[in-house]
>>> print(open('my_file16.txt').read())   # compact mmCIF, N, CA and C atoms
# COMPACT_ATOMS: atom_id res chain seq x y z
N MET X 1 43.58 0.25 45.76
CA MET X 1 44.35 1.20 44.98
C MET X 1 45.81 0.77 44.86
N ILE X 2 46.42 0.31 45.95
CA ILE X 2 47.82 -0.13 45.90
C ILE X 2 47.97 -1.31 44.97
N LYS X 3 47.03 -2.26 45.02
CA LYS X 3 47.08 -3.44 44.16
C LYS X 3 47.03 -3.03 42.68
N GLU X 4 46.20 -2.03 42.35
CA GLU X 4 46.09 -1.55 40.98
C GLU X 4 47.41 -0.91 40.52
N LYS X 5 48.04 -0.11 41.38
CA LYS X 5 49.31 0.52 41.03
C LYS X 5 50.41 -0.53 40.84
N THR X 6 50.42 -1.54 41.71
CA THR X 6 51.40 -2.61 41.60
C THR X 6 51.23 -3.35 40.27
N PHE X 7 49.98 -3.68 39.93
CA PHE X 7 49.68 -4.37 38.68
C PHE X 7 50.09 -3.52 37.48
N LEU X 8 49.80 -2.24 37.54
CA LEU X 8 50.14 -1.32 36.46
C LEU X 8 51.65 -1.23 36.29
N ARG X 9 52.39 -1.14 37.40
CA ARG X 9 53.85 -1.06 37.35
C ARG X 9 54.41 -2.32 36.69
N ASP X 10 53.86 -3.47 37.04
CA ASP X 10 54.28 -4.75 36.48
C ASP X 10 54.06 -4.76 34.96
N ILE X 11 52.91 -4.29 34.52
CA ILE X 11 52.59 -4.25 33.09
C ILE X 11 53.55 -3.32 32.34
N ILE X 12 53.82 -2.16 32.91
CA ILE X 12 54.70 -1.18 32.25
C ILE X 12 56.11 -1.72 32.11
N ILE X 13 56.65 -2.28 33.18
CA ILE X 13 58.01 -2.84 33.11
C ILE X 13 58.07 -3.98 32.11
N THR X 14 57.05 -4.83 32.12
CA THR X 14 57.00 -5.95 31.17
C THR X 14 56.98 -5.45 29.73
N LYS X 15 56.14 -4.48 29.44
CA LYS X 15 56.06 -3.91 28.08
C LYS X 15 57.41 -3.32 27.65
N LEU X 16 58.06 -2.61 28.57
CA LEU X 16 59.36 -2.03 28.25
C LEU X 16 60.40 -3.10 27.93
N LEU X 17 60.45 -4.14 28.76
CA LEU X 17 61.47 -5.18 28.54
C LEU X 17 61.23 -5.96 27.25
N LYS X 18 59.98 -6.03 26.81
CA LYS X 18 59.66 -6.75 25.57
C LYS X 18 59.86 -5.89 24.32
N ALA X 19 59.93 -4.59 24.49
CA ALA X 19 60.02 -3.68 23.34
C ALA X 19 61.37 -3.80 22.64
N GLU X 20 61.33 -3.80 21.34
CA GLU X 20 62.57 -3.90 20.54
C GLU X 20 63.54 -2.78 20.89
N GLU X 21 63.02 -1.59 21.18
CA GLU X 21 63.87 -0.45 21.52
C GLU X 21 64.63 -0.66 22.83
N CYS X 22 64.15 -1.58 23.65
CA CYS X 22 64.78 -1.85 24.95
C CYS X 22 65.54 -3.17 24.97
N ARG X 23 65.73 -3.75 23.80
CA ARG X 23 66.39 -5.06 23.71
C ARG X 23 67.79 -5.03 24.33
N GLU X 24 68.52 -3.94 24.12
CA GLU X 24 69.86 -3.83 24.68
C GLU X 24 69.82 -3.80 26.20
N TYR X 25 68.83 -3.14 26.76
CA TYR X 25 68.68 -3.10 28.21
C TYR X 25 68.35 -4.50 28.75
N LEU X 26 67.44 -5.20 28.08
CA LEU X 26 67.11 -6.57 28.46
C LEU X 26 68.35 -7.45 28.41
N ALA X 27 69.12 -7.31 27.34
CA ALA X 27 70.37 -8.08 27.20
C ALA X 27 71.35 -7.75 28.32
N SER X 28 71.40 -6.49 28.72
CA SER X 28 72.29 -6.07 29.81
C SER X 28 71.91 -6.75 31.12
N ILE X 29 70.61 -6.82 31.40
CA ILE X 29 70.14 -7.49 32.62
C ILE X 29 70.54 -8.96 32.60
N ILE X 30 70.23 -9.63 31.51
CA ILE X 30 70.52 -11.06 31.40
C ILE X 30 72.02 -11.32 31.49
N ALA X 31 72.80 -10.53 30.77
CA ALA X 31 74.26 -10.70 30.79
C ALA X 31 74.84 -10.48 32.18
N ALA X 32 74.35 -9.48 32.89
CA ALA X 32 74.87 -9.18 34.23
C ALA X 32 74.54 -10.30 35.22
N VAL X 33 73.31 -10.77 35.18
CA VAL X 33 72.90 -11.80 36.12
C VAL X 33 73.56 -13.14 35.82
N LEU X 34 73.64 -13.48 34.55
CA LEU X 34 74.20 -14.79 34.16
C LEU X 34 75.71 -14.76 33.94
N LYS X 35 76.29 -13.57 34.02
CA LYS X 35 77.73 -13.40 33.83
C LYS X 35 78.19 -13.96 32.48
N ILE X 36 77.48 -13.53 31.43
CA ILE X 36 77.86 -13.88 30.07
C ILE X 36 77.98 -12.59 29.27
N GLU X 37 78.61 -12.68 28.12
CA GLU X 37 78.84 -11.50 27.29
C GLU X 37 77.52 -10.93 26.75
N LYS X 38 77.38 -9.63 26.88
CA LYS X 38 76.17 -8.95 26.41
C LYS X 38 75.99 -9.13 24.90
N ASN X 39 77.08 -9.08 24.14
CA ASN X 39 76.97 -9.26 22.69
C ASN X 39 76.42 -10.63 22.33
N TYR X 40 76.83 -11.65 23.09
CA TYR X 40 76.32 -13.00 22.86
C TYR X 40 74.81 -13.02 23.10
N VAL X 41 74.38 -12.38 24.17
CA VAL X 41 72.95 -12.32 24.48
C VAL X 41 72.21 -11.60 23.36
N MET X 42 72.72 -10.45 22.94
CA MET X 42 72.08 -9.66 21.88
C MET X 42 71.92 -10.47 20.59
N GLU X 43 72.94 -11.22 20.23
CA GLU X 43 72.94 -11.95 18.96
C GLU X 43 72.08 -13.21 18.99
N ASN X 44 71.87 -13.79 20.17
CA ASN X 44 71.23 -15.11 20.24
C ASN X 44 69.88 -15.14 20.95
N LEU X 45 69.43 -14.02 21.46
CA LEU X 45 68.20 -13.99 22.25
C LEU X 45 66.97 -13.92 21.37
N ARG X 46 66.00 -14.80 21.64
CA ARG X 46 64.72 -14.78 20.94
C ARG X 46 63.61 -14.68 21.99
N LEU X 47 62.73 -13.70 21.84
CA LEU X 47 61.58 -13.58 22.74
C LEU X 47 60.54 -14.62 22.37
N LEU X 48 59.88 -15.18 23.37
CA LEU X 48 58.88 -16.23 23.17
C LEU X 48 57.51 -15.77 23.65
N ASP X 49 56.50 -16.55 23.30
CA ASP X 49 55.14 -16.32 23.77
C ASP X 49 55.12 -16.44 25.29
N THR X 50 54.52 -15.49 25.96
CA THR X 50 54.54 -15.46 27.42
C THR X 50 53.48 -16.34 28.09
N GLU X 51 52.61 -16.92 27.32
CA GLU X 51 51.61 -17.84 27.86
C GLU X 51 52.28 -19.20 28.03
N VAL X 52 52.49 -19.64 29.27
CA VAL X 52 53.27 -20.86 29.49
C VAL X 52 52.45 -22.13 29.62
N SER X 53 51.15 -22.01 29.74
CA SER X 53 50.33 -23.21 29.87
C SER X 53 49.00 -23.03 29.17
N GLN X 54 48.56 -24.09 28.55
CA GLN X 54 47.24 -24.09 27.93
C GLN X 54 46.20 -24.75 28.84
N ASN X 55 46.64 -25.21 30.02
CA ASN X 55 45.76 -25.89 30.96
C ASN X 55 44.86 -24.86 31.65
N ILE X 56 43.56 -24.98 31.48
CA ILE X 56 42.63 -23.99 32.03
C ILE X 56 42.57 -24.02 33.55
N HIS X 57 43.09 -25.08 34.16
CA HIS X 57 43.08 -25.19 35.62
C HIS X 57 44.24 -24.45 36.28
N ASN X 58 45.16 -23.96 35.49
CA ASN X 58 46.29 -23.21 36.04
C ASN X 58 45.97 -21.72 36.04
N LYS X 59 46.17 -21.09 37.17
CA LYS X 59 45.88 -19.67 37.33
C LYS X 59 47.13 -18.86 37.04
N ASP X 60 46.96 -17.69 36.43
CA ASP X 60 48.06 -16.75 36.21
C ASP X 60 49.27 -17.42 35.55
N GLN X 61 49.07 -17.99 34.42
CA GLN X 61 50.17 -18.69 33.76
C GLN X 61 50.77 -17.90 32.61
N GLU X 62 50.80 -16.59 32.74
CA GLU X 62 51.47 -15.75 31.76
C GLU X 62 52.65 -15.08 32.45
N VAL X 63 53.85 -15.40 31.95
CA VAL X 63 55.06 -14.83 32.54
C VAL X 63 55.25 -13.41 32.03
N ASP X 64 56.15 -12.67 32.68
CA ASP X 64 56.38 -11.29 32.27
C ASP X 64 57.19 -11.21 30.99
N VAL X 65 58.36 -11.83 30.97
CA VAL X 65 59.20 -11.85 29.77
C VAL X 65 59.84 -13.24 29.69
N ILE X 66 59.79 -13.83 28.52
CA ILE X 66 60.45 -15.12 28.33
C ILE X 66 61.24 -15.09 27.03
N ALA X 67 62.45 -15.58 27.11
CA ALA X 67 63.34 -15.60 25.95
C ALA X 67 64.12 -16.90 25.97
N GLU X 68 64.74 -17.19 24.86
CA GLU X 68 65.60 -18.38 24.80
C GLU X 68 66.77 -18.12 23.88
N ASN X 69 67.78 -18.93 24.06
CA ASN X 69 68.87 -19.03 23.09
C ASN X 69 69.06 -20.52 22.84
N ASN X 70 70.14 -20.92 22.22
CA ASN X 70 70.33 -22.34 21.91
C ASN X 70 70.59 -23.19 23.15
N GLU X 71 70.92 -22.55 24.27
CA GLU X 71 71.32 -23.30 25.45
C GLU X 71 70.31 -23.30 26.59
N MET X 72 69.47 -22.29 26.69
CA MET X 72 68.60 -22.17 27.86
C MET X 72 67.35 -21.35 27.55
N ILE X 73 66.40 -21.46 28.47
CA ILE X 73 65.21 -20.62 28.45
C ILE X 73 65.34 -19.68 29.64
N ILE X 74 65.06 -18.41 29.40
CA ILE X 74 65.22 -17.38 30.44
C ILE X 74 63.86 -16.74 30.69
N ASN X 75 63.42 -16.82 31.92
CA ASN X 75 62.16 -16.20 32.32
C ASN X 75 62.48 -15.05 33.27
N ILE X 76 61.95 -13.89 32.97
CA ILE X 76 62.14 -12.73 33.85
C ILE X 76 60.79 -12.39 34.47
N GLU X 77 60.78 -12.37 35.78
CA GLU X 77 59.56 -12.06 36.53
C GLU X 77 59.77 -10.80 37.34
N ILE X 78 58.82 -9.90 37.27
CA ILE X 78 58.81 -8.68 38.07
C ILE X 78 57.90 -8.94 39.27
N ASN X 79 58.48 -8.94 40.45
CA ASN X 79 57.71 -9.19 41.67
C ASN X 79 57.66 -7.92 42.51
N THR X 80 56.46 -7.42 42.69
CA THR X 80 56.30 -6.17 43.44
C THR X 80 55.85 -6.39 44.87
N VAL X 81 55.38 -7.60 45.17
CA VAL X 81 54.97 -7.93 46.54
C VAL X 81 55.64 -9.23 46.97
N ASN X 82 55.99 -9.31 48.23
CA ASN X 82 56.66 -10.48 48.78
C ASN X 82 55.63 -11.33 49.52
N THR X 83 55.03 -12.26 48.79
CA THR X 83 54.02 -13.13 49.39
C THR X 83 54.33 -14.58 49.05
N ARG X 84 53.77 -15.46 49.85
CA ARG X 84 53.91 -16.90 49.58
C ARG X 84 53.31 -17.23 48.21
N GLN X 85 52.21 -16.58 47.90
CA GLN X 85 51.54 -16.79 46.61
C GLN X 85 52.46 -16.44 45.44
N SER X 86 53.21 -15.36 45.56
CA SER X 86 54.15 -14.97 44.50
C SER X 86 55.23 -16.02 44.31
N ARG X 87 55.75 -16.55 45.42
CA ARG X 87 56.80 -17.57 45.32
C ARG X 87 56.26 -18.85 44.69
N ILE X 88 55.05 -19.24 45.05
CA ILE X 88 54.43 -20.42 44.44
C ILE X 88 54.24 -20.20 42.95
N LYS X 89 53.74 -19.02 42.60
CA LYS X 89 53.52 -18.68 41.19
C LYS X 89 54.83 -18.77 40.39
N ASN X 90 55.90 -18.21 40.94
CA ASN X 90 57.19 -18.25 40.25
C ASN X 90 57.67 -19.68 40.05
N ASN X 91 57.50 -20.53 41.06
CA ASN X 91 57.90 -21.94 40.92
C ASN X 91 57.03 -22.67 39.91
N THR X 92 55.75 -22.30 39.86
CA THR X 92 54.84 -22.91 38.89
C THR X 92 55.28 -22.57 37.46
N TYR X 93 55.74 -21.34 37.25
CA TYR X 93 56.23 -20.96 35.93
C TYR X 93 57.38 -21.86 35.48
N ILE X 94 58.30 -22.13 36.39
CA ILE X 94 59.44 -22.99 36.05
C ILE X 94 58.94 -24.37 35.65
N ALA X 95 58.02 -24.92 36.44
CA ALA X 95 57.47 -26.24 36.12
C ALA X 95 56.78 -26.23 34.75
N GLN X 96 56.01 -25.18 34.47
CA GLN X 96 55.33 -25.10 33.17
C GLN X 96 56.32 -24.99 32.01
N LEU X 97 57.42 -24.28 32.22
CA LEU X 97 58.43 -24.14 31.16
C LEU X 97 59.14 -25.46 30.89
N ILE X 98 59.25 -26.29 31.91
CA ILE X 98 59.80 -27.64 31.70
C ILE X 98 58.78 -28.48 30.95
N LEU X 99 57.53 -28.47 31.40
CA LEU X 99 56.48 -29.26 30.75
C LEU X 99 56.27 -28.86 29.29
N ARG X 100 56.44 -27.60 29.00
CA ARG X 100 56.27 -27.09 27.63
C ARG X 100 57.27 -27.72 26.66
N GLN X 101 58.35 -28.27 27.21
CA GLN X 101 59.39 -28.87 26.37
C GLN X 101 59.23 -30.39 26.22
N THR X 102 58.17 -30.94 26.79
CA THR X 102 57.96 -32.39 26.74
C THR X 102 56.80 -32.72 25.82
N ALA X 103 56.80 -33.96 25.35
CA ALA X 103 55.70 -34.45 24.54
C ALA X 103 55.58 -35.95 24.79
N PRO X 104 54.36 -36.48 24.78
CA PRO X 104 54.17 -37.91 25.01
C PRO X 104 54.98 -38.74 24.01
N GLY X 105 55.67 -39.75 24.51
CA GLY X 105 56.41 -40.66 23.65
C GLY X 105 57.73 -40.12 23.13
N LYS X 106 58.11 -38.93 23.51
CA LYS X 106 59.36 -38.32 23.04
C LYS X 106 60.42 -38.41 24.13
N ILE X 107 61.68 -38.49 23.70
CA ILE X 107 62.79 -38.45 24.63
C ILE X 107 62.94 -37.03 25.13
N TYR X 108 63.14 -36.87 26.43
CA TYR X 108 63.28 -35.53 27.00
C TYR X 108 64.59 -34.90 26.57
N ASN X 109 64.49 -33.76 25.95
CA ASN X 109 65.65 -32.95 25.59
C ASN X 109 65.34 -31.54 26.10
N ILE X 110 65.53 -31.36 27.40
CA ILE X 110 65.05 -30.17 28.07
C ILE X 110 66.17 -29.17 28.29
N LYS X 111 65.93 -27.96 27.82
CA LYS X 111 66.88 -26.86 28.09
C LYS X 111 66.74 -26.43 29.54
N PRO X 112 67.84 -26.04 30.16
CA PRO X 112 67.74 -25.51 31.52
C PRO X 112 66.88 -24.24 31.53
N ILE X 113 66.18 -24.05 32.63
CA ILE X 113 65.36 -22.87 32.83
C ILE X 113 66.09 -21.94 33.80
N VAL X 114 66.28 -20.71 33.39
CA VAL X 114 66.84 -19.69 34.28
C VAL X 114 65.74 -18.69 34.54
N GLN X 115 65.41 -18.51 35.80
CA GLN X 115 64.39 -17.51 36.13
C GLN X 115 65.07 -16.37 36.86
N ILE X 116 64.90 -15.18 36.33
CA ILE X 116 65.45 -13.97 36.94
C ILE X 116 64.27 -13.23 37.56
N ASN X 117 64.27 -13.15 38.87
CA ASN X 117 63.22 -12.42 39.57
C ASN X 117 63.72 -11.03 39.89
N VAL X 118 63.07 -10.03 39.32
CA VAL X 118 63.38 -8.65 39.64
C VAL X 118 62.39 -8.26 40.74
N ASP X 119 62.89 -8.24 41.96
CA ASP X 119 62.03 -8.02 43.12
C ASP X 119 62.12 -6.58 43.60
N CYS X 120 61.01 -6.06 44.03
CA CYS X 120 60.96 -4.72 44.61
C CYS X 120 61.12 -4.79 46.13
N PHE X 121 61.82 -5.81 46.59
CA PHE X 121 62.04 -6.04 48.01
C PHE X 121 63.25 -6.96 48.14
N ASP X 122 63.79 -7.05 49.31
CA ASP X 122 64.95 -7.90 49.59
C ASP X 122 64.42 -9.24 50.09
N VAL X 123 64.26 -10.20 49.20
CA VAL X 123 63.57 -11.46 49.50
C VAL X 123 64.20 -12.23 50.66
N TYR X 124 65.52 -12.25 50.77
CA TYR X 124 66.18 -12.99 51.84
C TYR X 124 66.67 -12.09 52.97
N MET X 125 66.42 -10.80 52.85
CA MET X 125 66.78 -9.80 53.86
C MET X 125 68.25 -9.89 54.29
N LYS X 126 69.14 -10.02 53.30
CA LYS X 126 70.58 -10.07 53.58
C LYS X 126 71.30 -8.88 52.97
N ASN X 127 70.55 -7.89 52.53
CA ASN X 127 71.11 -6.67 51.96
C ASN X 127 71.95 -6.93 50.71
N GLU X 128 71.55 -7.88 49.90
CA GLU X 128 72.23 -8.21 48.66
C GLU X 128 71.42 -7.64 47.50
N PHE X 129 72.11 -7.33 46.42
CA PHE X 129 71.41 -6.85 45.24
C PHE X 129 70.97 -8.01 44.35
N ILE X 130 71.84 -9.03 44.22
CA ILE X 130 71.52 -10.21 43.40
C ILE X 130 71.71 -11.45 44.25
N TYR X 131 70.69 -12.31 44.24
CA TYR X 131 70.76 -13.60 44.90
C TYR X 131 70.72 -14.68 43.82
N HIS X 132 71.43 -15.75 44.04
CA HIS X 132 71.35 -16.91 43.14
C HIS X 132 70.80 -18.07 43.94
N SER X 133 69.81 -18.73 43.39
CA SER X 133 69.29 -19.95 44.02
C SER X 133 69.08 -20.98 42.93
N VAL X 134 69.09 -22.22 43.32
CA VAL X 134 68.97 -23.31 42.36
C VAL X 134 67.90 -24.29 42.86
N MET X 135 67.00 -24.68 41.96
CA MET X 135 66.06 -25.73 42.29
C MET X 135 66.77 -27.06 42.07
N MET X 136 66.71 -27.91 43.03
CA MET X 136 67.41 -29.20 42.95
C MET X 136 66.43 -30.30 42.58
N GLU X 137 66.96 -31.32 41.91
CA GLU X 137 66.13 -32.48 41.56
C GLU X 137 65.89 -33.35 42.76
>>> encode(input="my_file16.txt", output="structure tokens")
Amino acid sequence: MIKEKTFLRDIIITKLLKAEECREYLASIIAAVLKIEKNYVMENLRLLDTEVSQNIHNKDQEVDVIAENNEMIINIEINTVNTRQSRIKNNTYIAQLILRQTAPGKIYNIKPIVQINVDCFDVYMKNEFIYHSVMME
């Protein structure tokens, strides 16, 4: 029962963030986290297809919300449970978003990926509201 409620909550939040009526709220989240002007986000944000991989061997490859502007791709993930599996899944999404920008024989021109995890828990248990982390090469 708890798993079903968690899944349902994830679906509802995702639907709200994708809705045109909530675009300003989505822009507010992105602007606050990335510390950029909300108007810039509103004017340049394009929502993308949430299916990040066509590879049938990849499990759960549909992100919650994905958008882009001319400079970056922004993935928003709603995490309701703090598990190792969730962290692996989130990292897999980043890898898929990089791969989605490549093609055989083409020069890599890859936009940076920004993943915003909206967690229903304090992932690092430091009593912070927003954490910033960076994947290193």
>>> residues_around(input="my_file16.txt", residues="stretch 109-122 of chain X", least_positions_apart="3", cutoff="6 Å", atoms="only N, CA and C atoms", output="PDB file with N, CA and C atoms, keeping the file's coordinate frame")
ATOM      1  N   GLU X  71      70.920 -22.550  24.270  1.00  0.00           N
ATOM      2  CA  GLU X  71      71.320 -23.300  25.450  1.00  0.00           C
ATOM      3  C   GLU X  71      70.310 -23.300  26.590  1.00  0.00           C
ATOM      4  N   MET X  72      69.470 -22.290  26.690  1.00  0.00           N
ATOM      5  CA  MET X  72      68.600 -22.170  27.860  1.00  0.00           C
ATOM      6  C   MET X  72      67.350 -21.350  27.550  1.00  0.00           C
ATOM      7  N   ILE X  73      66.400 -21.460  28.470  1.00  0.00           N
ATOM      8  CA  ILE X  73      65.210 -20.620  28.450  1.00  0.00           C
ATOM      9  C   ILE X  73      65.340 -19.680  29.640  1.00  0.00           C
ATOM     10  N   ILE X  74      65.060 -18.410  29.400  1.00  0.00           N
ATOM     11  CA  ILE X  74      65.220 -17.380  30.440  1.00  0.00           C
ATOM     12  C   ILE X  74      63.860 -16.740  30.690  1.00  0.00           C
ATOM     13  N   ASN X  75      63.420 -16.820  31.920  1.00  0.00           N
ATOM     14  CA  ASN X  75      62.160 -16.200  32.320  1.00  0.00           C
ATOM     15  C   ASN X  75      62.480 -15.050  33.270  1.00  0.00           C
ATOM     16  N   ILE X  76      61.950 -13.890  32.970  1.00  0.00           N
ATOM     17  CA  ILE X  76      62.140 -12.730  33.850  1.00  0.00           C
ATOM     18  C   ILE X  76      60.790 -12.390  34.470  1.00  0.00           C
ATOM     19  N   GLU X  77      60.780 -12.370  35.780  1.00  0.00           N
ATOM     20  CA  GLU X  77      59.560 -12.060  36.530  1.00  0.00           C
ATOM     21  C   GLU X  77      59.770 -10.800  37.340  1.00  0.00           C
ATOM     22  N   ILE X  78      58.820  -9.900  37.270  1.00  0.00           N
ATOM     23  CA  ILE X  78      58.810  -8.680  38.070  1.00  0.00           C
ATOM     24  C   ILE X  78      57.900  -8.940  39.270  1.00  0.00           C
ATOM     25  N   ASN X  79      58.480  -8.940  40.450  1.00  0.00           N
ATOM     26  CA  ASN X  79      57.710  -9.190  41.670  1.00  0.00           C
ATOM     27  C   ASN X  79      57.660  -7.920  42.510  1.00  0.00           C
ATOM     28  N   THR X  80      56.460  -7.420  42.690  1.00  0.00           N
ATOM     29  CA  THR X  80      56.300  -6.170  43.440  1.00  0.00           C
ATOM     30  C   THR X  80      55.850  -6.390  44.870  1.00  0.00           C
ATOM     31  N   VAL X  81      55.380  -7.600  45.170  1.00  0.00           N
ATOM     32  CA  VAL X  81      54.970  -7.930  46.540  1.00  0.00           C
ATOM     33  C   VAL X  81      55.640  -9.230  46.970  1.00  0.00           C
ATOM     34  N   MET X 125      66.420 -10.800  52.850  1.00  0.00           N
ATOM     35  CA  MET X 125      66.780  -9.800  53.860  1.00  0.00           C
ATOM     36  C   MET X 125      68.250  -9.890  54.290  1.00  0.00           C
ATOM     37  N   LYS X 126      69.140 -10.020  53.300  1.00  0.00           N
ATOM     38  CA  LYS X 126      70.580 -10.070  53.580  1.00  0.00           C
ATOM     39  C   LYS X 126      71.300  -8.880  52.970  1.00  0.00           C
TER      40      LYS X 126
END
>>> atom_distance(input="my_file16.txt", atom1="atom CA of X:Ser53", atom2="atom N of X:Arg100")
7.6 Å
>>> closest_residue(input="my_file16.txt", among="X:Lys89, X:Ala27, X:Gly105, X:Gln96", to="X:Asn39", atoms="all atoms listed in the file")
X:Ala27
>>> closest_residue(input="my_file16.txt", among="X:Ile29, X:Ala67, X:Ile12, X:Ile98", to="X:Leu45", atoms="only N, CA and C atoms")
X:Ala67
>>> residues_around(input="my_file16.txt", residues="X:Gln61", least_positions_apart="6", cutoff="12 Å", atoms="only C-alpha atoms", output="PyMOL selection string")
chain X and resi 49-55+77+88-97
>>> atom_distance(input="my_file16.txt", atom1="atom C of X:Ile130", atom2="atom C of X:Leu26")
16.7 Å
>>> select_by_dssp(input="my_file16.txt", residues="stretch 14-100 of chain X", states="helix (DSSP H, G or I)", output="ChimeraX atom specification")
/X:14-18,20-34,38-44,84-99
>>> write_last_selection(input="my_file16.txt", atoms="N, CA and C atoms", output="compact mmCIF listing (two decimals), in the frame of the given file")
# COMPACT_ATOMS: atom_id res chain seq x y z
N THR X 14 57.05 -4.83 32.12
CA THR X 14 57.00 -5.95 31.17
C THR X 14 56.98 -5.45 29.73
N LYS X 15 56.14 -4.48 29.44
CA LYS X 15 56.06 -3.91 28.08
C LYS X 15 57.41 -3.32 27.65
N LEU X 16 58.06 -2.61 28.57
CA LEU X 16 59.36 -2.03 28.25
C LEU X 16 60.40 -3.10 27.93
N LEU X 17 60.45 -4.14 28.76
CA LEU X 17 61.47 -5.18 28.54
C LEU X 17 61.23 -5.96 27.25
N LYS X 18 59.98 -6.03 26.81
CA LYS X 18 59.66 -6.75 25.57
C LYS X 18 59.86 -5.89 24.32
N GLU X 20 61.33 -3.80 21.34
CA GLU X 20 62.57 -3.90 20.54
C GLU X 20 63.54 -2.78 20.89
N GLU X 21 63.02 -1.59 21.18
CA GLU X 21 63.87 -0.45 21.52
C GLU X 21 64.63 -0.66 22.83
N CYS X 22 64.15 -1.58 23.65
CA CYS X 22 64.78 -1.85 24.95
C CYS X 22 65.54 -3.17 24.97
N ARG X 23 65.73 -3.75 23.80
CA ARG X 23 66.39 -5.06 23.71
C ARG X 23 67.79 -5.03 24.33
N GLU X 24 68.52 -3.94 24.12
CA GLU X 24 69.86 -3.83 24.68
C GLU X 24 69.82 -3.80 26.20
N TYR X 25 68.83 -3.14 26.76
CA TYR X 25 68.68 -3.10 28.21
C TYR X 25 68.35 -4.50 28.75
N LEU X 26 67.44 -5.20 28.08
CA LEU X 26 67.11 -6.57 28.46
C LEU X 26 68.35 -7.45 28.41
N ALA X 27 69.12 -7.31 27.34
CA ALA X 27 70.37 -8.08 27.20
C ALA X 27 71.35 -7.75 28.32
N SER X 28 71.40 -6.49 28.72
CA SER X 28 72.29 -6.07 29.81
C SER X 28 71.91 -6.75 31.12
N ILE X 29 70.61 -6.82 31.40
CA ILE X 29 70.14 -7.49 32.62
C ILE X 29 70.54 -8.96 32.60
N ILE X 30 70.23 -9.63 31.51
CA ILE X 30 70.52 -11.06 31.40
C ILE X 30 72.02 -11.32 31.49
N ALA X 31 72.80 -10.53 30.77
CA ALA X 31 74.26 -10.70 30.79
C ALA X 31 74.84 -10.48 32.18
N ALA X 32 74.35 -9.48 32.89
CA ALA X 32 74.87 -9.18 34.23
C ALA X 32 74.54 -10.30 35.22
N VAL X 33 73.31 -10.77 35.18
CA VAL X 33 72.90 -11.80 36.12
C VAL X 33 73.56 -13.14 35.82
N LEU X 34 73.64 -13.48 34.55
CA LEU X 34 74.20 -14.79 34.16
C LEU X 34 75.71 -14.76 33.94
N LYS X 38 77.38 -9.63 26.88
CA LYS X 38 76.17 -8.95 26.41
C LYS X 38 75.99 -9.13 24.90
N ASN X 39 77.08 -9.08 24.14
CA ASN X 39 76.97 -9.26 22.69
C ASN X 39 76.42 -10.63 22.33
N TYR X 40 76.83 -11.65 23.09
CA TYR X 40 76.32 -13.00 22.86
C TYR X 40 74.81 -13.02 23.10
N VAL X 41 74.38 -12.38 24.17
CA VAL X 41 72.95 -12.32 24.48
C VAL X 41 72.21 -11.60 23.36
N MET X 42 72.72 -10.45 22.94
CA MET X 42 72.08 -9.66 21.88
C MET X 42 71.92 -10.47 20.59
N GLU X 43 72.94 -11.22 20.23
CA GLU X 43 72.94 -11.95 18.96
C GLU X 43 72.08 -13.21 18.99
N ASN X 44 71.87 -13.79 20.17
CA ASN X 44 71.23 -15.11 20.24
C ASN X 44 69.88 -15.14 20.95
N ARG X 84 53.77 -15.46 49.85
CA ARG X 84 53.91 -16.90 49.58
C ARG X 84 53.31 -17.23 48.21
N GLN X 85 52.21 -16.58 47.90
CA GLN X 85 51.54 -16.79 46.61
C GLN X 85 52.46 -16.44 45.44
N SER X 86 53.21 -15.36 45.56
CA SER X 86 54.15 -14.97 44.50
C SER X 86 55.23 -16.02 44.31
N ARG X 87 55.75 -16.55 45.42
CA ARG X 87 56.80 -17.57 45.32
C ARG X 87 56.26 -18.85 44.69
N ILE X 88 55.05 -19.24 45.05
CA ILE X 88 54.43 -20.42 44.44
C ILE X 88 54.24 -20.20 42.95
N LYS X 89 53.74 -19.02 42.60
CA LYS X 89 53.52 -18.68 41.19
C LYS X 89 54.83 -18.77 40.39
N ASN X 90 55.90 -18.21 40.94
CA ASN X 90 57.19 -18.25 40.25
C ASN X 90 57.67 -19.68 40.05
N ASN X 91 57.50 -20.53 41.06
CA ASN X 91 57.90 -21.94 40.92
C ASN X 91 57.03 -22.67 39.91
N THR X 92 55.75 -22.30 39.86
CA THR X 92 54.84 -22.91 38.89
C THR X 92 55.28 -22.57 37.46
N TYR X 93 55.74 -21.34 37.25
CA TYR X 93 56.23 -20.96 35.93
C TYR X 93 57.38 -21.86 35.48
N ILE X 94 58.30 -22.13 36.39
CA ILE X 94 59.44 -22.99 36.05
C ILE X 94 58.94 -24.37 35.65
N ALA X 95 58.02 -24.92 36.44
CA ALA X 95 57.47 -26.24 36.12
C ALA X 95 56.78 -26.23 34.75
N GLN X 96 56.01 -25.18 34.47
CA GLN X 96 55.33 -25.10 33.17
C GLN X 96 56.32 -24.99 32.01
N LEU X 97 57.42 -24.28 32.22
CA LEU X 97 58.43 -24.14 31.16
C LEU X 97 59.14 -25.46 30.89
N ILE X 98 59.25 -26.29 31.91
CA ILE X 98 59.80 -27.64 31.70
C ILE X 98 58.78 -28.48 30.95
N LEU X 99 57.53 -28.47 31.40
CA LEU X 99 56.48 -29.26 30.75
C LEU X 99 56.27 -28.86 29.29
>>> atom_distance(input="my_file16.txt", atom1="atom CA of X:Leu47", atom2="atom CA of X:Arg23")
9.8 Å
>>> select_by_dssp(input="my_file16.txt", residues="chain X", states="strand (DSSP E)", output="PyMOL selection string")
chain X and resi 46-47+65-68+73-79+113-119
>>> closest_residue(input="my_file16.txt", among="X:Glu43, X:Val134, X:Thr102, X:Asp64", to="X:Thr14", atoms="only C-alpha atoms")
X:Asp64
